[in-house]
Protein chains: 4
Amino acid sequence: MKDSIMEQSIQLFAQKGFKETSIQDIVGELNVTKGTFYYYYKSKEELLMDIHLQYIERLLENQEAILADESKSCQQKLHDIIFKLIHDIEKEGLRAKVFFREIRHLSPQHLEHIIPKRDRFKENVQQVVEEGMRNGQFRSDLPPDIVTLGILGVTNWSYFWFQPNGEKSDREVAAIFYEMLINGIKAE
Amino acid sequence: MKDSIMEQSIQLFAQKGFKETSIQDIVGELNVTKGTFYYYYKSKEELLMDIHLQYIERLLENQEAILADESKSCQQKLHDIIFKLIHDIEKEGLRAKVFFREIRHLSPQHLEHIIPKRDRFKENVQQVVEEGMRNGQFRSDLPPDIVTLGILGVTNWSYFWFQPNGEKSDREVAAIFYEMLINGIKAE
Amino acid sequence: MKDSIMEQSIQLFAQKGFKETSIQDIVGELNVTKGTFYYYYKSKEELLMDIHLQYIERLLENQEAILADESKSCQQKLHDIIFKLIHDIEKEGLRAKVFFREIRHLSPQHLEHIIPKRDRFKENVQQVVEEGMRNGQFRSDLPPDIVTLGILGVTNWSYFWFQPNGEKSDREVAAIFYEMLINGIKAE
Amino acid sequence: MKDSIMEQSIQLFAQKGFKETSIQDIVGELNVTKGTFYYYYKSKEELLMDIHLQYIERLLENQEAILADESKSCQQKLHDIIFKLIHDIEKEGLRAKVFFREIRHLSPQHLEHIIPKRDRFKENVQQVVEEGMRNGQFRSDLPPDIVTLGILGVTNWSYFWFQPNGEKSDREVAAIFYEMLINGIKAE
DNA sequence: AATGAATGAGCGTTCATTCAT
DNA sequence: CATGAATGAACGCTCATTCAT
């Protein structure tokens, strides 16, 4: 039941927004009453926190599994991170939308637990970039933090337009973005 | 007064969100009463619409001025579009935040007027990309629509992190992004 | 202008009700502003009072002209009163609707001036009934006050259904009501 | 509680009118809060609809019980209908007042359910009148629809003046009206 | 584990009215 | 005569939350 509530609320939060979704909306779809909700969650915000936490932790886990693989080059790692992110839109897209858009509804105390993980996500990417610069796989004349933000812009933005069942597959889009970021769009 | 209300509400919508900002919040800061608000705006949503319209129209105007300049190469145009977007964060950043984040609160009728302009903004960038591919300034083995979405990801995302008074200036960030997109980050 | 405002407001009060009609509704149709309204009327209620007063006074005048005509029998007077009331629906129907339905929005002070006139209207009819009973034109075994209320029920109710351009003319309807009240509906 | 709310609101709607009665007025008298009101009714208008529906359905039921009694003559049926209506003023008078006066606050969708029943009420009376004309109990030289409207005028209007504890009883008033309608007020 | 009744604070909106110009 | 700006009180309604059962 607790999971059903979360699943349902992710659907609704992604579709209509946190504020725009009432507890009644959530439990109505599950054919239970509001009391039930409060049996499982202390408050609406706690539910939102749970969603955030679950999302970012799963994301970090995935990402750090890629980073830990010593057999991969930095270019390979970058490619895999990009692909993983876009691939996950199908499964995790709604969660991601909620994560990006509704974070502001978390209380300061809750934010304290989320922000560092969100930062670590960015730093992990930056680490790959920096490592690549150090070992000569990436050019080293660009500041790694801005480059990282550029890369994250490309991937994160895709959560707002990528359609898993659209014209291009996740693999194709990831390949294009990787190619574009690695080699640029200028003609020889 | 009408302008004061809009200015004030942009501040608050950007900071707290549309739903989270009450009419009272807006007029309270201006030391007038709610009645005054409704003297100038038919509804809260109409105000939001006005903000959206003003923002996107100004944006398009700027962008199309760049596109219309025949003395510029495609590379130059792309650079200028990127720079303009990041440069405007200082003046227009709050408006942009509202535009990106609160558009879902517009009614379908209002959306009808905004969406085509938002699409035109994207298509204008895509036009530059396609023209560059045709005339050999850009490589032509990548799909122009996905490339365009990548570029827009880089710039749009910067609205969520770029600090006009931060370490790097708008000119520097734009230059880095341009360089990264044009030549890629791979070492020679 | 003062008259235009009254005319317009009678239309609207009859159509939508007093409470449901805003000052803005009234002046909007006349293409002037609310300030203008308050130049001519001290308040919305004063306007309503004026409508009531004008209506009831005109009604009484008409009615008392009939009563004063000594050449008429009581039956004739009764017929003329009924006919006049139904005939006036075309010209005065909207005013009458407002009078019947919106009187409760008058303040006690204003009511003090209306109620006695409204009562006089009823008493005038009752006077005809009583006179007819005394002089043998009407049967005298029924209480004149209840009979009068019956007659007024028949006529007043017609304000809620009589259509001046409908199947039956005012003259026909009045004749039917008169016949029905005078001779009853029982077969010989 | 749902019934208490309806009872209370009938009192207030009859006394002050629908628009003039706020939700706060209703719940204040019951010492509960506005939230409670909306726990039981979706909107103020839905409450009004419930009142209308309950009233007209009860009325029709009563009326059709009289009509169905084959042992009664048309005259008897007409008398019983008149008596029942006036008798009910004590119990149902407030509901009736609300029904007559506040019907315009129902939405078109709601009206669709009420109007046919209101029409049926009138047609039931007309049916008695027509049957009586056919079988010779009533004179047949008057149009039955107008006669019916006359009868309904007499009875309905009594809802605006009849006092259950007044000088005349319901039985007496009904008898007078019946006599007046059947035999007329003309002296022999 | 779940329900149903109730709360209370807040919100968007309306509107009669005032008043300086 | 008329306007336009502003007010302030009220209203219908929503909703997260509580709690006894």
# chains A, B, ... in the order shown; residues from 1 in each chain; ligands from 1

$ residues_around --residues "range 47-60 of chain A" --least-positions-apart "3" --cutoff "7 Å" --atoms "only C-alpha atoms (C1' of nucleotides)" --output "list in words"
Tyr41, Ser43, Lys44, Gln63, Glu64, Arg95, Phe99, Leu106, His110, Ile114, Lys117, Arg118 and Phe121 of chain A

$ write_last_selection --atoms "N, CA, C and O atoms" --output "PDB file, in the first residue's frame"
ATOM      1  N   TYR A  41       2.168   7.804   5.808  1.00  0.00           N
ATOM      2  CA  TYR A  41       3.059   8.967   5.719  1.00  0.00           C
ATOM      3  C   TYR A  41       2.659  10.013   6.742  1.00  0.00           C
ATOM      4  O   TYR A  41       1.475  10.291   6.914  1.00  0.00           O
ATOM      5  N   SER A  43       3.185  13.151   6.547  1.00  0.00           N
ATOM      6  CA  SER A  43       2.674  14.354   5.885  1.00  0.00           C
ATOM      7  C   SER A  43       2.896  14.243   4.389  1.00  0.00           C
ATOM      8  O   SER A  43       3.601  13.349   3.918  1.00  0.00           O
ATOM      9  N   LYS A  44       2.293  15.141   3.675  1.00  0.00           N
ATOM     10  CA  LYS A  44       2.461  15.162   2.236  1.00  0.00           C
ATOM     11  C   LYS A  44       3.920  15.417   1.882  1.00  0.00           C
ATOM     12  O   LYS A  44       4.457  14.847   0.937  1.00  0.00           O
ATOM     13  N   GLN A  63      25.234   5.686 -11.161  1.00  0.00           N
ATOM     14  CA  GLN A  63      26.325   6.494 -11.669  1.00  0.00           C
ATOM     15  C   GLN A  63      27.660   6.021 -11.113  1.00  0.00           C
ATOM     16  O   GLN A  63      28.659   5.906 -11.826  1.00  0.00           O
ATOM     17  N   GLU A  64      27.667   5.714  -9.827  1.00  0.00           N
ATOM     18  CA  GLU A  64      28.926   5.350  -9.185  1.00  0.00           C
ATOM     19  C   GLU A  64      29.381   3.943  -9.580  1.00  0.00           C
ATOM     20  O   GLU A  64      30.568   3.625  -9.521  1.00  0.00           O
ATOM     21  N   ARG A  95       9.718  10.226 -12.075  1.00  0.00           N
ATOM     22  CA  ARG A  95      10.455  10.556 -10.848  1.00  0.00           C
ATOM     23  C   ARG A  95      11.395  11.734 -11.071  1.00  0.00           C
ATOM     24  O   ARG A  95      11.500  12.626 -10.225  1.00  0.00           O
ATOM     25  N   PHE A  99      11.582  15.257  -9.319  1.00  0.00           N
ATOM     26  CA  PHE A  99      12.822  15.665  -8.654  1.00  0.00           C
ATOM     27  C   PHE A  99      13.264  17.061  -9.093  1.00  0.00           C
ATOM     28  O   PHE A  99      13.614  17.902  -8.279  1.00  0.00           O
ATOM     29  N   LEU A 106      10.335  20.985  -0.564  1.00  0.00           N
ATOM     30  CA  LEU A 106      10.910  20.329   0.611  1.00  0.00           C
ATOM     31  C   LEU A 106      11.301  21.377   1.646  1.00  0.00           C
ATOM     32  O   LEU A 106      11.740  22.468   1.315  1.00  0.00           O
ATOM     33  N   HIS A 110      14.755  18.812   5.253  1.00  0.00           N
ATOM     34  CA  HIS A 110      14.802  17.739   4.268  1.00  0.00           C
ATOM     35  C   HIS A 110      15.808  18.037   3.176  1.00  0.00           C
ATOM     36  O   HIS A 110      16.537  17.163   2.722  1.00  0.00           O
ATOM     37  N   ILE A 114      19.092  16.131   0.767  1.00  0.00           N
ATOM     38  CA  ILE A 114      19.023  15.919  -0.673  1.00  0.00           C
ATOM     39  C   ILE A 114      20.135  16.669  -1.412  1.00  0.00           C
ATOM     40  O   ILE A 114      20.818  16.107  -2.273  1.00  0.00           O
ATOM     41  N   LYS A 117      23.565  15.161  -1.975  1.00  0.00           N
ATOM     42  CA  LYS A 117      23.568  14.043  -2.932  1.00  0.00           C
ATOM     43  C   LYS A 117      23.443  14.555  -4.364  1.00  0.00           C
ATOM     44  O   LYS A 117      24.050  14.028  -5.289  1.00  0.00           O
ATOM     45  N   ARG A 118      22.623  15.597  -4.511  1.00  0.00           N
ATOM     46  CA  ARG A 118      22.478  16.171  -5.841  1.00  0.00           C
ATOM     47  C   ARG A 118      23.818  16.759  -6.295  1.00  0.00           C
ATOM     48  O   ARG A 118      24.236  16.622  -7.443  1.00  0.00           O
ATOM     49  N   PHE A 121      26.183  14.084  -7.355  1.00  0.00           N
ATOM     50  CA  PHE A 121      25.888  13.634  -8.713  1.00  0.00           C
ATOM     51  C   PHE A 121      26.645  14.482  -9.731  1.00  0.00           C
ATOM     52  O   PHE A 121      27.276  13.973 -10.659  1.00  0.00           O
TER      53      PHE A 121
END

$ closest_atom_pairs --of "chain F" --to "chain B" --cutoff "10 Å" --atoms "only C-alpha atoms (C1' of nucleotides)" --output "Markdown table"
| residue | atom | partner | partner_atom | distance |
| --- | --- | --- | --- | --- |
| F:DG4 | C1' | B:Tyr39 | CA | 9.9 |
| F:DA5 | C1' | B:Thr36 | CA | 8.0 |
| F:DA6 | C1' | B:Thr36 | CA | 6.0 |
| F:DT7 | C1' | B:Gly35 | CA | 6.8 |
| F:DG8 | C1' | B:Thr33 | CA | 8.1 |

$ residues_around --residues "Phe160 in chain B" --least-positions-apart "3" --cutoff "10 Å" --atoms "only C-alpha atoms (C1' of nucleotides)" --output "ChimeraX atom specification"
/A:153 /B:89,93,96-97,155-157,163

$ residues_around --residues "range 135-144 of chain C" --least-positions-apart "4" --cutoff "12 Å" --atoms "only C-alpha atoms (C1' of nucleotides)" --output "PyMOL selection string"
(chain C and resi 73-78+122-131+148-151+181-183) or (chain D and resi 167-168+172-173+175-181+183-188)

$ select_by_dssp --residues "range 86-162 of chain D" --states "helix (DSSP H, G or I)" --output "mmCIF file with N, CA, C and O atoms, in the first residue's frame"
data_model
loop_
_atom_site.group_PDB
_atom_site.id
_atom_site.type_symbol
_atom_site.label_atom_id
_atom_site.label_comp_id
_atom_site.auth_asym_id
_atom_site.auth_seq_id
_atom_site.Cartn_x
_atom_site.Cartn_y
_atom_site.Cartn_z
ATOM 1 N N ILE D 86 -52.474 23.825 0.683
ATOM 2 C CA ILE D 86 -52.512 24.826 1.754
ATOM 3 C C ILE D 86 -52.173 24.200 3.098
ATOM 4 O O ILE D 86 -51.463 24.792 3.916
ATOM 5 N N HIS D 87 -52.615 22.990 3.273
ATOM 6 C CA HIS D 87 -52.289 22.285 4.508
ATOM 7 C C HIS D 87 -50.774 22.143 4.676
ATOM 8 O O HIS D 87 -50.238 22.259 5.783
ATOM 9 N N ASP D 88 -50.105 21.887 3.571
ATOM 10 C CA ASP D 88 -48.663 21.643 3.633
ATOM 11 C C ASP D 88 -47.841 22.896 3.918
ATOM 12 O O ASP D 88 -46.646 22.797 4.175
ATOM 13 N N ILE D 89 -48.492 24.042 3.827
ATOM 14 C CA ILE D 89 -47.707 25.262 4.059
ATOM 15 C C ILE D 89 -47.030 25.213 5.417
ATOM 16 O O ILE D 89 -45.884 25.607 5.569
ATOM 17 N N GLU D 90 -47.745 24.674 6.400
ATOM 18 C CA GLU D 90 -47.135 24.630 7.734
ATOM 19 C C GLU D 90 -45.828 23.836 7.697
ATOM 20 O O GLU D 90 -44.800 24.298 8.147
ATOM 21 N N LYS D 91 -45.926 22.619 7.176
ATOM 22 C CA LYS D 91 -44.742 21.751 7.168
ATOM 23 C C LYS D 91 -43.774 22.137 6.063
ATOM 24 O O LYS D 91 -42.561 22.129 6.239
ATOM 25 N N GLU D 92 -44.316 22.498 4.918
ATOM 26 C CA GLU D 92 -43.483 22.624 3.723
ATOM 27 C C GLU D 92 -43.368 24.061 3.211
ATOM 28 O O GLU D 92 -42.756 24.299 2.165
ATOM 29 N N GLY D 93 -43.952 24.973 3.966
ATOM 30 C CA GLY D 93 -44.031 26.344 3.467
ATOM 31 C C GLY D 93 -42.663 26.944 3.149
ATOM 32 O O GLY D 93 -42.476 27.571 2.108
ATOM 33 N N LEU D 94 -41.715 26.726 4.041
ATOM 34 C CA LEU D 94 -40.396 27.305 3.814
ATOM 35 C C LEU D 94 -39.755 26.696 2.576
ATOM 36 O O LEU D 94 -39.184 27.392 1.745
ATOM 37 N N ARG D 95 -39.873 25.380 2.471
ATOM 38 C CA ARG D 95 -39.349 24.706 1.277
ATOM 39 C C ARG D 95 -39.990 25.273 0.023
ATOM 40 O O ARG D 95 -39.334 25.504 -0.997
ATOM 41 N N ALA D 96 -41.311 25.488 0.091
ATOM 42 C CA ALA D 96 -42.022 25.991 -1.076
ATOM 43 C C ALA D 96 -41.547 27.388 -1.453
ATOM 44 O O ALA D 96 -41.335 27.700 -2.622
ATOM 45 N N LYS D 97 -41.355 28.205 -0.420
ATOM 46 C CA LYS D 97 -40.868 29.567 -0.662
ATOM 47 C C LYS D 97 -39.530 29.502 -1.399
ATOM 48 O O LYS D 97 -39.287 30.216 -2.365
ATOM 49 N N VAL D 98 -38.656 28.646 -0.897
ATOM 50 C CA VAL D 98 -37.350 28.485 -1.529
ATOM 51 C C VAL D 98 -37.531 27.997 -2.973
ATOM 52 O O VAL D 98 -36.904 28.502 -3.899
ATOM 53 N N PHE D 99 -38.431 27.044 -3.115
ATOM 54 C CA PHE D 99 -38.659 26.467 -4.448
ATOM 55 C C PHE D 99 -39.137 27.527 -5.440
ATOM 56 O O PHE D 99 -38.640 27.623 -6.559
ATOM 57 N N PHE D 100 -40.071 28.343 -5.030
ATOM 58 C CA PHE D 100 -40.604 29.350 -5.950
ATOM 59 C C PHE D 100 -39.589 30.438 -6.252
ATOM 60 O O PHE D 100 -39.494 30.922 -7.361
ATOM 61 N N ARG D 101 -38.845 30.809 -5.216
ATOM 62 C CA ARG D 101 -38.071 32.036 -5.332
ATOM 63 C C ARG D 101 -36.625 31.842 -5.752
ATOM 64 O O ARG D 101 -36.010 32.741 -6.324
ATOM 65 N N GLU D 102 -36.062 30.685 -5.437
ATOM 66 C CA GLU D 102 -34.621 30.546 -5.631
ATOM 67 C C GLU D 102 -34.258 29.632 -6.797
ATOM 68 O O GLU D 102 -33.096 29.338 -7.026
ATOM 69 N N ILE D 103 -35.262 29.207 -7.515
ATOM 70 C CA ILE D 103 -35.012 28.258 -8.596
ATOM 71 C C ILE D 103 -34.047 28.820 -9.629
ATOM 72 O O ILE D 103 -33.293 28.093 -10.263
ATOM 73 N N ARG D 104 -34.022 30.111 -9.756
ATOM 74 C CA ARG D 104 -33.142 30.699 -10.785
ATOM 75 C C ARG D 104 -31.660 30.536 -10.466
ATOM 76 O O ARG D 104 -30.803 30.797 -11.306
ATOM 77 N N HIS D 105 -31.353 30.128 -9.249
ATOM 78 C CA HIS D 105 -29.942 29.925 -8.928
ATOM 79 C C HIS D 105 -29.444 28.528 -9.289
ATOM 80 O O HIS D 105 -28.286 28.205 -9.061
ATOM 81 N N PRO D 108 -28.202 25.280 -15.436
ATOM 82 C CA PRO D 108 -28.999 24.654 -16.484
ATOM 83 C C PRO D 108 -29.081 23.131 -16.353
ATOM 84 O O PRO D 108 -30.154 22.551 -16.505
ATOM 85 N N GLN D 109 -27.966 22.501 -16.032
ATOM 86 C CA GLN D 109 -28.004 21.041 -15.883
ATOM 87 C C GLN D 109 -28.973 20.607 -14.791
ATOM 88 O O GLN D 109 -29.694 19.630 -14.920
ATOM 89 N N HIS D 110 -28.904 21.303 -13.683
ATOM 90 C CA HIS D 110 -29.806 20.954 -12.596
ATOM 91 C C HIS D 110 -31.253 21.256 -12.956
ATOM 92 O O HIS D 110 -32.163 20.491 -12.641
ATOM 93 N N LEU D 111 -31.447 22.377 -13.619
ATOM 94 C CA LEU D 111 -32.813 22.759 -14.009
ATOM 95 C C LEU D 111 -33.466 21.666 -14.852
ATOM 96 O O LEU D 111 -34.661 21.395 -14.709
ATOM 97 N N GLU D 112 -32.676 21.075 -15.709
ATOM 98 C CA GLU D 112 -33.182 20.003 -16.568
ATOM 99 C C GLU D 112 -33.914 18.910 -15.794
ATOM 100 O O GLU D 112 -34.793 18.250 -16.333
ATOM 101 N N HIS D 113 -33.480 18.702 -14.550
ATOM 102 C CA HIS D 113 -34.142 17.664 -13.757
ATOM 103 C C HIS D 113 -35.356 18.190 -13.006
ATOM 104 O O HIS D 113 -36.224 17.416 -12.608
ATOM 105 N N ILE D 114 -35.388 19.491 -12.783
ATOM 106 C CA ILE D 114 -36.466 20.056 -11.968
ATOM 107 C C ILE D 114 -37.648 20.481 -12.845
ATOM 108 O O ILE D 114 -38.809 20.173 -12.533
ATOM 109 N N ILE D 115 -37.349 21.180 -13.919
ATOM 110 C CA ILE D 115 -38.413 21.754 -14.749
ATOM 111 C C ILE D 115 -39.450 20.702 -15.185
ATOM 112 O O ILE D 115 -40.650 20.953 -15.054
ATOM 113 N N PRO D 116 -39.039 19.552 -15.681
ATOM 114 C CA PRO D 116 -40.053 18.579 -16.115
ATOM 115 C C PRO D 116 -40.988 18.170 -14.978
ATOM 116 O O PRO D 116 -42.179 17.962 -15.193
ATOM 117 N N LYS D 117 -40.443 18.070 -13.783
ATOM 118 C CA LYS D 117 -41.288 17.690 -12.651
ATOM 119 C C LYS D 117 -42.242 18.826 -12.281
ATOM 120 O O LYS D 117 -43.402 18.598 -11.930
ATOM 121 N N ARG D 118 -41.735 20.045 -12.370
ATOM 122 C CA ARG D 118 -42.590 21.191 -12.084
ATOM 123 C C ARG D 118 -43.720 21.249 -13.110
ATOM 124 O O ARG D 118 -44.872 21.531 -12.775
ATOM 125 N N ASP D 119 -43.379 20.964 -14.341
ATOM 126 C CA ASP D 119 -44.398 20.970 -15.391
ATOM 127 C C ASP D 119 -45.417 19.856 -15.165
ATOM 128 O O ASP D 119 -46.603 20.040 -15.393
ATOM 129 N N ARG D 120 -44.910 18.720 -14.718
ATOM 130 C CA ARG D 120 -45.816 17.611 -14.477
ATOM 131 C C ARG D 120 -46.821 17.963 -13.390
ATOM 132 O O ARG D 120 -47.986 17.568 -13.443
ATOM 133 N N PHE D 121 -46.376 18.695 -12.406
ATOM 134 C CA PHE D 121 -47.263 19.134 -11.331
ATOM 135 C C PHE D 121 -48.432 19.939 -11.898
ATOM 136 O O PHE D 121 -49.591 19.717 -11.563
ATOM 137 N N LYS D 122 -48.097 20.846 -12.793
ATOM 138 C CA LYS D 122 -49.147 21.656 -13.409
ATOM 139 C C LYS D 122 -50.050 20.784 -14.291
ATOM 140 O O LYS D 122 -51.281 20.902 -14.264
ATOM 141 N N GLU D 123 -49.431 19.903 -15.045
ATOM 142 C CA GLU D 123 -50.219 19.064 -15.956
ATOM 143 C C GLU D 123 -51.156 18.117 -15.211
ATOM 144 O O GLU D 123 -52.225 17.782 -15.714
ATOM 145 N N ASN D 124 -50.728 17.709 -14.037
ATOM 146 C CA ASN D 124 -51.613 16.857 -13.243
ATOM 147 C C ASN D 124 -52.904 17.584 -12.874
ATOM 148 O O ASN D 124 -53.994 17.018 -12.946
ATOM 149 N N VAL D 125 -52.749 18.848 -12.489
ATOM 150 C CA VAL D 125 -53.945 19.633 -12.159
ATOM 151 C C VAL D 125 -54.797 19.801 -13.415
ATOM 152 O O VAL D 125 -56.027 19.613 -13.394
ATOM 153 N N GLN D 126 -54.113 20.127 -14.504
ATOM 154 C CA GLN D 126 -54.840 20.339 -15.760
ATOM 155 C C GLN D 126 -55.602 19.084 -16.178
ATOM 156 O O GLN D 126 -56.712 19.160 -16.724
ATOM 157 N N GLN D 127 -55.011 17.947 -15.874
ATOM 158 C CA GLN D 127 -55.646 16.672 -16.217
ATOM 159 C C GLN D 127 -56.977 16.514 -15.489
ATOM 160 O O GLN D 127 -57.974 16.079 -16.067
ATOM 161 N N VAL D 128 -56.984 16.886 -14.213
ATOM 162 C CA VAL D 128 -58.230 16.834 -13.441
ATOM 163 C C VAL D 128 -59.260 17.773 -14.061
ATOM 164 O O VAL D 128 -60.436 17.421 -14.233
ATOM 165 N N VAL D 129 -58.807 18.967 -14.398
ATOM 166 C CA VAL D 129 -59.706 19.960 -14.999
ATOM 167 C C VAL D 129 -60.281 19.408 -16.304
ATOM 168 O O VAL D 129 -61.500 19.452 -16.538
ATOM 169 N N GLU D 130 -59.435 18.853 -17.136
ATOM 170 C CA GLU D 130 -59.893 18.346 -18.435
ATOM 171 C C GLU D 130 -60.843 17.154 -18.286
ATOM 172 O O GLU D 130 -61.851 17.059 -18.976
ATOM 173 N N GLU D 131 -60.495 16.278 -17.355
ATOM 174 C CA GLU D 131 -61.353 15.122 -17.119
ATOM 175 C C GLU D 131 -62.745 15.585 -16.673
ATOM 176 O O GLU D 131 -63.772 15.094 -17.150
ATOM 177 N N GLY D 132 -62.736 16.570 -15.752
ATOM 178 C CA GLY D 132 -64.007 17.115 -15.268
ATOM 179 C C GLY D 132 -64.810 17.745 -16.396
ATOM 180 O O GLY D 132 -66.045 17.685 -16.420
ATOM 181 N N MET D 133 -64.123 18.390 -17.326
ATOM 182 C CA MET D 133 -64.823 19.010 -18.458
ATOM 183 C C MET D 133 -65.436 17.928 -19.353
ATOM 184 O O MET D 133 -66.557 18.052 -19.818
ATOM 185 N N ARG D 134 -64.662 16.865 -19.553
ATOM 186 C CA ARG D 134 -65.150 15.793 -20.408
ATOM 187 C C ARG D 134 -66.369 15.101 -19.810
ATOM 188 O O ARG D 134 -67.355 14.842 -20.489
ATOM 189 N N PRO D 144 -58.871 24.857 -20.652
ATOM 190 C CA PRO D 144 -58.393 24.193 -19.429
ATOM 191 C C PRO D 144 -57.021 24.678 -18.975
ATOM 192 O O PRO D 144 -56.745 24.704 -17.770
ATOM 193 N N ASP D 145 -56.142 25.054 -19.901
ATOM 194 C CA ASP D 145 -54.797 25.468 -19.456
ATOM 195 C C ASP D 145 -54.843 26.782 -18.673
ATOM 196 O O ASP D 145 -54.200 26.924 -17.634
ATOM 197 N N ILE D 146 -55.619 27.735 -19.154
ATOM 198 C CA ILE D 146 -55.706 29.016 -18.446
ATOM 199 C C ILE D 146 -56.435 28.836 -17.110
ATOM 200 O O ILE D 146 -56.014 29.396 -16.086
ATOM 201 N N VAL D 147 -57.463 28.034 -17.123
ATOM 202 C CA VAL D 147 -58.170 27.749 -15.871
ATOM 203 C C VAL D 147 -57.199 27.148 -14.852
ATOM 204 O O VAL D 147 -57.165 27.536 -13.683
ATOM 205 N N THR D 148 -56.413 26.212 -15.315
ATOM 206 C CA THR D 148 -55.432 25.585 -14.421
ATOM 207 C C THR D 148 -54.466 26.611 -13.843
ATOM 208 O O THR D 148 -54.167 26.607 -12.646
ATOM 209 N N LEU D 149 -53.992 27.501 -14.709
ATOM 210 C CA LEU D 149 -53.069 28.532 -14.215
ATOM 211 C C LEU D 149 -53.755 29.446 -13.202
ATOM 212 O O LEU D 149 -53.110 29.926 -12.256
ATOM 213 N N GLY D 150 -55.041 29.656 -13.394
ATOM 214 C CA GLY D 150 -55.796 30.439 -12.410
ATOM 215 C C GLY D 150 -55.848 29.726 -11.071
ATOM 216 O O GLY D 150 -55.569 30.317 -10.014
ATOM 217 N N ILE D 151 -56.130 28.451 -11.115
ATOM 218 C CA ILE D 151 -56.210 27.671 -9.873
ATOM 219 C C ILE D 151 -54.854 27.672 -9.156
ATOM 220 O O ILE D 151 -54.756 27.895 -7.958
ATOM 221 N N LEU D 152 -53.824 27.438 -9.928
ATOM 222 C CA LEU D 152 -52.481 27.417 -9.327
ATOM 223 C C LEU D 152 -52.096 28.780 -8.776
ATOM 224 O O LEU D 152 -51.379 28.880 -7.775
ATOM 225 N N GLY D 153 -52.558 29.836 -9.419
ATOM 226 C CA GLY D 153 -52.305 31.181 -8.895
ATOM 227 C C GLY D 153 -52.893 31.316 -7.502
ATOM 228 O O GLY D 153 -52.219 31.757 -6.566
ATOM 229 N N VAL D 154 -54.140 30.903 -7.363
ATOM 230 C CA VAL D 154 -54.809 31.008 -6.062
ATOM 231 C C VAL D 154 -54.036 30.252 -4.982
ATOM 232 O O VAL D 154 -53.757 30.777 -3.908
ATOM 233 N N THR D 155 -53.657 29.023 -5.294
ATOM 234 C CA THR D 155 -52.996 28.212 -4.259
ATOM 235 C C THR D 155 -51.542 28.640 -4.025
ATOM 236 O O THR D 155 -51.114 28.797 -2.884
ATOM 237 N N ASN D 156 -50.817 28.819 -5.092
ATOM 238 C CA ASN D 156 -49.406 29.154 -4.919
ATOM 239 C C ASN D 156 -49.226 30.481 -4.197
ATOM 240 O O ASN D 156 -48.322 30.646 -3.388
ATOM 241 N N TRP D 157 -50.079 31.434 -4.552
ATOM 242 C CA TRP D 157 -49.923 32.752 -3.933
ATOM 243 C C TRP D 157 -50.101 32.683 -2.425
ATOM 244 O O TRP D 157 -49.520 33.475 -1.683
ATOM 245 N N SER D 158 -50.885 31.700 -1.989
ATOM 246 C CA SER D 158 -51.148 31.604 -0.550
ATOM 247 C C SER D 158 -49.874 31.306 0.235
ATOM 248 O O SER D 158 -49.787 31.574 1.425
ATOM 249 N N TYR D 159 -48.862 30.775 -0.466
ATOM 250 C CA TYR D 159 -47.588 30.545 0.223
ATOM 251 C C TYR D 159 -46.934 31.854 0.654
ATOM 252 O O TYR D 159 -46.050 31.861 1.490
ATOM 253 N N PHE D 160 -47.369 32.965 0.067
ATOM 254 C CA PHE D 160 -46.745 34.235 0.434
ATOM 255 C C PHE D 160 -47.508 34.979 1.532
ATOM 256 O O PHE D 160 -47.037 35.975 2.035
#

$ interface_residues --of "chain E" --to "chain C" --cutoff "12 Å" --atoms "only C-alpha atoms (C1' of nucleotides)" --output "list of chain:residue names"
E:DT14, E:DC15, E:DA16, E:DT17, E:DT18, E:DC19

$ atom_distance --atom1 "CA of Leu85 in chain D" --atom2 "CA of Ile66 in chain D"
11.7 Å
